[in-house]
file structure.cif (mmCIF, C-alpha atoms)
data_data
loop_
_atom_site.group_PDB
_atom_site.id
_atom_site.type_symbol
_atom_site.label_atom_id
_atom_site.label_comp_id
_atom_site.auth_asym_id
_atom_site.auth_seq_id
_atom_site.Cartn_x
_atom_site.Cartn_y
_atom_site.Cartn_z
ATOM 1 C CA MET A 1119 8.006 26.983 -3.972
ATOM 2 C CA SER A 1120 5.763 25.953 -1.077
ATOM 3 C CA ASP A 1121 6.004 22.314 -2.308
ATOM 4 C CA LEU A 1122 9.722 22.205 -1.648
ATOM 5 C CA PRO A 1123 9.511 21.022 2.008
ATOM 6 C CA ILE A 1124 7.381 18.002 1.062
ATOM 7 C CA ILE A 1125 9.802 17.101 -1.704
ATOM 8 C CA GLN A 1126 12.706 17.281 0.742
ATOM 9 C CA LYS A 1127 10.836 15.192 3.334
ATOM 10 C CA THR A 1128 9.967 12.573 0.696
ATOM 11 C CA TYR A 1129 13.586 12.435 -0.427
ATOM 12 C CA ASP A 1130 14.754 12.027 3.180
ATOM 13 C CA LEU A 1131 12.250 9.206 3.738
ATOM 14 C CA ILE A 1132 13.413 7.357 0.630
ATOM 15 C CA LYS A 1133 17.057 7.880 1.573
ATOM 16 C CA TRP A 1134 16.344 6.423 5.032
ATOM 17 C CA TYR A 1135 14.217 3.537 3.680
ATOM 18 C CA ILE A 1136 16.520 2.208 0.929
ATOM 19 C CA PRO A 1137 19.215 0.789 3.273
ATOM 20 C CA ILE A 1138 16.503 -0.966 5.276
ATOM 21 C CA LEU A 1139 15.103 -2.528 2.104
ATOM 22 C CA ASN A 1140 18.573 -3.613 1.032
ATOM 23 C CA ARG A 1141 18.947 -5.657 4.226
ATOM 24 C CA LEU A 1142 15.794 -7.663 3.529
ATOM 25 C CA PRO A 1143 16.051 -11.093 1.913
ATOM 26 C CA ARG A 1144 15.369 -11.088 -1.817
ATOM 27 C CA ASP A 1145 12.016 -12.866 -1.463
ATOM 28 C CA HIS A 1146 10.720 -10.202 0.925
ATOM 29 C CA LYS A 1147 11.855 -7.386 -1.371
ATOM 30 C CA PHE A 1148 9.960 -8.968 -4.276
ATOM 31 C CA VAL A 1149 6.752 -9.344 -2.268
ATOM 32 C CA LEU A 1150 7.033 -5.809 -0.898
ATOM 33 C CA GLY A 1151 7.594 -4.386 -4.381
ATOM 34 C CA GLU A 1152 4.708 -6.382 -5.805
ATOM 35 C CA ARG A 1153 2.356 -5.148 -3.076
ATOM 36 C CA MET A 1154 3.451 -1.555 -3.633
ATOM 37 C CA ILE A 1155 2.626 -1.863 -7.342
ATOM 38 C CA LEU A 1156 -0.698 -3.659 -6.912
ATOM 39 C CA ASN A 1157 -1.937 -1.588 -3.946
ATOM 40 C CA PRO A 1158 -0.215 1.804 -4.118
ATOM 41 C CA VAL A 1159 -2.581 3.504 -1.664
ATOM 42 C CA THR A 1160 -3.844 1.536 1.319
ATOM 43 C CA SER A 1161 -4.737 2.426 4.860
ATOM 44 C CA GLU A 1162 -3.563 -0.850 6.354
#
call {"tool": "encode", "arguments": {"input": "structure.cif", "output": "structure tokens"}}
result
Amino acid sequence: MSDLPIIQKTYDLIKWYIPILNRLPRDHKFVLGERMILNPVTSE
């Protein structure tokens, strides 16, 4: 049960991030999604 706080924080982050993504133009959403798939873990 010690993992529960990180799950809640991740859920809160996604819940906060989705409306921001929805305001982006379609082209930007596609590029962002493509980058997330091709480079899932980056330090940039």
call {"tool": "atom_distance", "arguments": {"input": "structure.cif", "atom1": "atom CA of A:Glu1152", "atom2": "atom CA of A:Gln1126"}}
result
25.8 Å
call {"tool": "atom_distance", "arguments": {"input": "structure.cif", "atom1": "atom CA of A:Gly1151", "atom2": "atom CA of A:Asp1130"}}
result
19.4 Å
call {"tool": "atom_distance", "arguments": {"input": "structure.cif", "atom1": "atom CA of A:Ile1138", "atom2": "atom CA of A:Met1154"}}
result
15.8 Å
call {"tool": "build_atoms", "arguments": {"input": "structure.cif", "residues": "stretch 1141-1152 of chain A", "atoms": "all heavy atoms", "output": "PDB file, in the coordinates of the input"}}
result
ATOM      1  N   ARG A1141      18.618  -4.608   3.248  1.00  0.00           N
ATOM      2  CA  ARG A1141      18.947  -5.657   4.226  1.00  0.00           C
ATOM      3  C   ARG A1141      17.946  -6.804   4.220  1.00  0.00           C
ATOM      4  O   ARG A1141      18.203  -7.849   4.805  1.00  0.00           O
ATOM      5  CB  ARG A1141      19.023  -5.055   5.626  1.00  0.00           C
ATOM      6  CG  ARG A1141      20.234  -4.164   5.819  1.00  0.00           C
ATOM      7  CD  ARG A1141      20.380  -3.778   7.267  1.00  0.00           C
ATOM      8  NE  ARG A1141      19.227  -3.002   7.712  1.00  0.00           N
ATOM      9  CZ  ARG A1141      19.296  -1.809   8.277  1.00  0.00           C
ATOM     10  NH1 ARG A1141      20.448  -1.248   8.488  1.00  0.00           N
ATOM     11  NH2 ARG A1141      18.216  -1.184   8.651  1.00  0.00           N
ATOM     12  N   LEU A1142      16.801  -6.609   3.573  1.00  0.00           N
ATOM     13  CA  LEU A1142      15.794  -7.663   3.529  1.00  0.00           C
ATOM     14  C   LEU A1142      16.215  -8.778   2.575  1.00  0.00           C
ATOM     15  O   LEU A1142      16.895  -8.529   1.578  1.00  0.00           O
ATOM     16  CB  LEU A1142      14.453  -7.098   3.033  1.00  0.00           C
ATOM     17  CG  LEU A1142      13.720  -6.149   3.965  1.00  0.00           C
ATOM     18  CD1 LEU A1142      12.490  -5.590   3.262  1.00  0.00           C
ATOM     19  CD2 LEU A1142      13.324  -6.827   5.244  1.00  0.00           C
ATOM     20  N   PRO A1143      15.795 -10.009   2.857  1.00  0.00           N
ATOM     21  CA  PRO A1143      16.051 -11.093   1.913  1.00  0.00           C
ATOM     22  C   PRO A1143      15.352 -10.797   0.585  1.00  0.00           C
ATOM     23  O   PRO A1143      14.345 -10.094   0.534  1.00  0.00           O
ATOM     24  CB  PRO A1143      15.434 -12.323   2.583  1.00  0.00           C
ATOM     25  CG  PRO A1143      15.296 -11.978   4.015  1.00  0.00           C
ATOM     26  CD  PRO A1143      15.143 -10.487   4.078  1.00  0.00           C
ATOM     27  N   ARG A1144      15.880 -11.373  -0.476  1.00  0.00           N
ATOM     28  CA  ARG A1144      15.369 -11.088  -1.817  1.00  0.00           C
ATOM     29  C   ARG A1144      13.875 -11.403  -1.953  1.00  0.00           C
ATOM     30  O   ARG A1144      13.132 -10.656  -2.582  1.00  0.00           O
ATOM     31  CB  ARG A1144      16.165 -11.887  -2.841  1.00  0.00           C
ATOM     32  CG  ARG A1144      15.821 -11.526  -4.249  1.00  0.00           C
ATOM     33  CD  ARG A1144      16.743 -12.179  -5.214  1.00  0.00           C
ATOM     34  NE  ARG A1144      16.451 -11.663  -6.541  1.00  0.00           N
ATOM     35  CZ  ARG A1144      16.889 -12.183  -7.637  1.00  0.00           C
ATOM     36  NH1 ARG A1144      17.671 -13.238  -7.591  1.00  0.00           N
ATOM     37  NH2 ARG A1144      16.597 -11.668  -8.800  1.00  0.00           N
ATOM     38  N   ASP A1145      13.437 -12.494  -1.371  1.00  0.00           N
ATOM     39  CA  ASP A1145      12.016 -12.866  -1.463  1.00  0.00           C
ATOM     40  C   ASP A1145      11.115 -11.781  -0.865  1.00  0.00           C
ATOM     41  O   ASP A1145      10.069 -11.458  -1.409  1.00  0.00           O
ATOM     42  CB  ASP A1145      11.745 -14.183  -0.749  1.00  0.00           C
ATOM     43  CG  ASP A1145      12.430 -15.364  -1.415  1.00  0.00           C
ATOM     44  OD1 ASP A1145      12.867 -15.227  -2.575  1.00  0.00           O
ATOM     45  OD2 ASP A1145      12.518 -16.425  -0.772  1.00  0.00           O
ATOM     46  N   HIS A1146      11.535 -11.231   0.273  1.00  0.00           N
ATOM     47  CA  HIS A1146      10.720 -10.202   0.925  1.00  0.00           C
ATOM     48  C   HIS A1146      10.694  -8.929   0.092  1.00  0.00           C
ATOM     49  O   HIS A1146       9.678  -8.246   0.030  1.00  0.00           O
ATOM     50  CB  HIS A1146      11.244  -9.897   2.321  1.00  0.00           C
ATOM     51  CG  HIS A1146      11.072 -11.023   3.285  1.00  0.00           C
ATOM     52  ND1 HIS A1146       9.961 -11.817   3.322  1.00  0.00           N
ATOM     53  CD2 HIS A1146      11.885 -11.495   4.257  1.00  0.00           C
ATOM     54  CE1 HIS A1146      10.078 -12.727   4.282  1.00  0.00           C
ATOM     55  NE2 HIS A1146      11.251 -12.553   4.857  1.00  0.00           N
ATOM     56  N   LYS A1147      11.823  -8.580  -0.527  1.00  0.00           N
ATOM     57  CA  LYS A1147      11.855  -7.386  -1.371  1.00  0.00           C
ATOM     58  C   LYS A1147      10.899  -7.536  -2.544  1.00  0.00           C
ATOM     59  O   LYS A1147      10.199  -6.596  -2.907  1.00  0.00           O
ATOM     60  CB  LYS A1147      13.273  -7.123  -1.893  1.00  0.00           C
ATOM     61  CG  LYS A1147      14.194  -6.528  -0.857  1.00  0.00           C
ATOM     62  CD  LYS A1147      15.469  -6.046  -1.480  1.00  0.00           C
ATOM     63  CE  LYS A1147      16.557  -7.044  -1.314  1.00  0.00           C
ATOM     64  NZ  LYS A1147      17.875  -6.571  -1.683  1.00  0.00           N
ATOM     65  N   PHE A1148      10.854  -8.738  -3.141  1.00  0.00           N
ATOM     66  CA  PHE A1148       9.960  -8.968  -4.276  1.00  0.00           C
ATOM     67  C   PHE A1148       8.511  -8.808  -3.854  1.00  0.00           C
ATOM     68  O   PHE A1148       7.728  -8.127  -4.520  1.00  0.00           O
ATOM     69  CB  PHE A1148      10.194 -10.364  -4.868  1.00  0.00           C
ATOM     70  CG  PHE A1148       9.224 -10.697  -5.960  1.00  0.00           C
ATOM     71  CD1 PHE A1148       9.382 -10.163  -7.221  1.00  0.00           C
ATOM     72  CD2 PHE A1148       8.139 -11.517  -5.710  1.00  0.00           C
ATOM     73  CE1 PHE A1148       8.477 -10.449  -8.225  1.00  0.00           C
ATOM     74  CE2 PHE A1148       7.230 -11.812  -6.709  1.00  0.00           C
ATOM     75  CZ  PHE A1148       7.402 -11.274  -7.974  1.00  0.00           C
ATOM     76  N   VAL A1149       8.138  -9.422  -2.742  1.00  0.00           N
ATOM     77  CA  VAL A1149       6.752  -9.344  -2.268  1.00  0.00           C
ATOM     78  C   VAL A1149       6.389  -7.905  -1.918  1.00  0.00           C
ATOM     79  O   VAL A1149       5.312  -7.425  -2.271  1.00  0.00           O
ATOM     80  CB  VAL A1149       6.541 -10.284  -1.059  1.00  0.00           C
ATOM     81  CG1 VAL A1149       5.179 -10.053  -0.420  1.00  0.00           C
ATOM     82  CG2 VAL A1149       6.688 -11.728  -1.484  1.00  0.00           C
ATOM     83  N   LEU A1150       7.287  -7.205  -1.258  1.00  0.00           N
ATOM     84  CA  LEU A1150       7.033  -5.809  -0.898  1.00  0.00           C
ATOM     85  C   LEU A1150       6.845  -4.959  -2.150  1.00  0.00           C
ATOM     86  O   LEU A1150       5.911  -4.165  -2.239  1.00  0.00           O
ATOM     87  CB  LEU A1150       8.177  -5.259  -0.052  1.00  0.00           C
ATOM     88  CG  LEU A1150       8.056  -3.826   0.417  1.00  0.00           C
ATOM     89  CD1 LEU A1150       6.830  -3.661   1.303  1.00  0.00           C
ATOM     90  CD2 LEU A1150       9.310  -3.409   1.158  1.00  0.00           C
ATOM     91  N   GLY A1151       7.710  -5.137  -3.135  1.00  0.00           N
ATOM     92  CA  GLY A1151       7.594  -4.386  -4.381  1.00  0.00           C
ATOM     93  C   GLY A1151       6.303  -4.701  -5.114  1.00  0.00           C
ATOM     94  O   GLY A1151       5.638  -3.808  -5.645  1.00  0.00           O
ATOM     95  N   GLU A1152       5.947  -5.977  -5.136  1.00  0.00           N
ATOM     96  CA  GLU A1152       4.708  -6.382  -5.805  1.00  0.00           C
ATOM     97  C   GLU A1152       3.494  -5.753  -5.120  1.00  0.00           C
ATOM     98  O   GLU A1152       2.585  -5.250  -5.789  1.00  0.00           O
ATOM     99  CB  GLU A1152       4.597  -7.902  -5.789  1.00  0.00           C
ATOM    100  CG  GLU A1152       3.408  -8.425  -6.554  1.00  0.00           C
ATOM    101  CD  GLU A1152       3.362  -9.949  -6.543  1.00  0.00           C
ATOM    102  OE1 GLU A1152       3.630 -10.554  -5.479  1.00  0.00           O
ATOM    103  OE2 GLU A1152       3.059 -10.509  -7.596  1.00  0.00           O
TER     104      GLU A1152
END
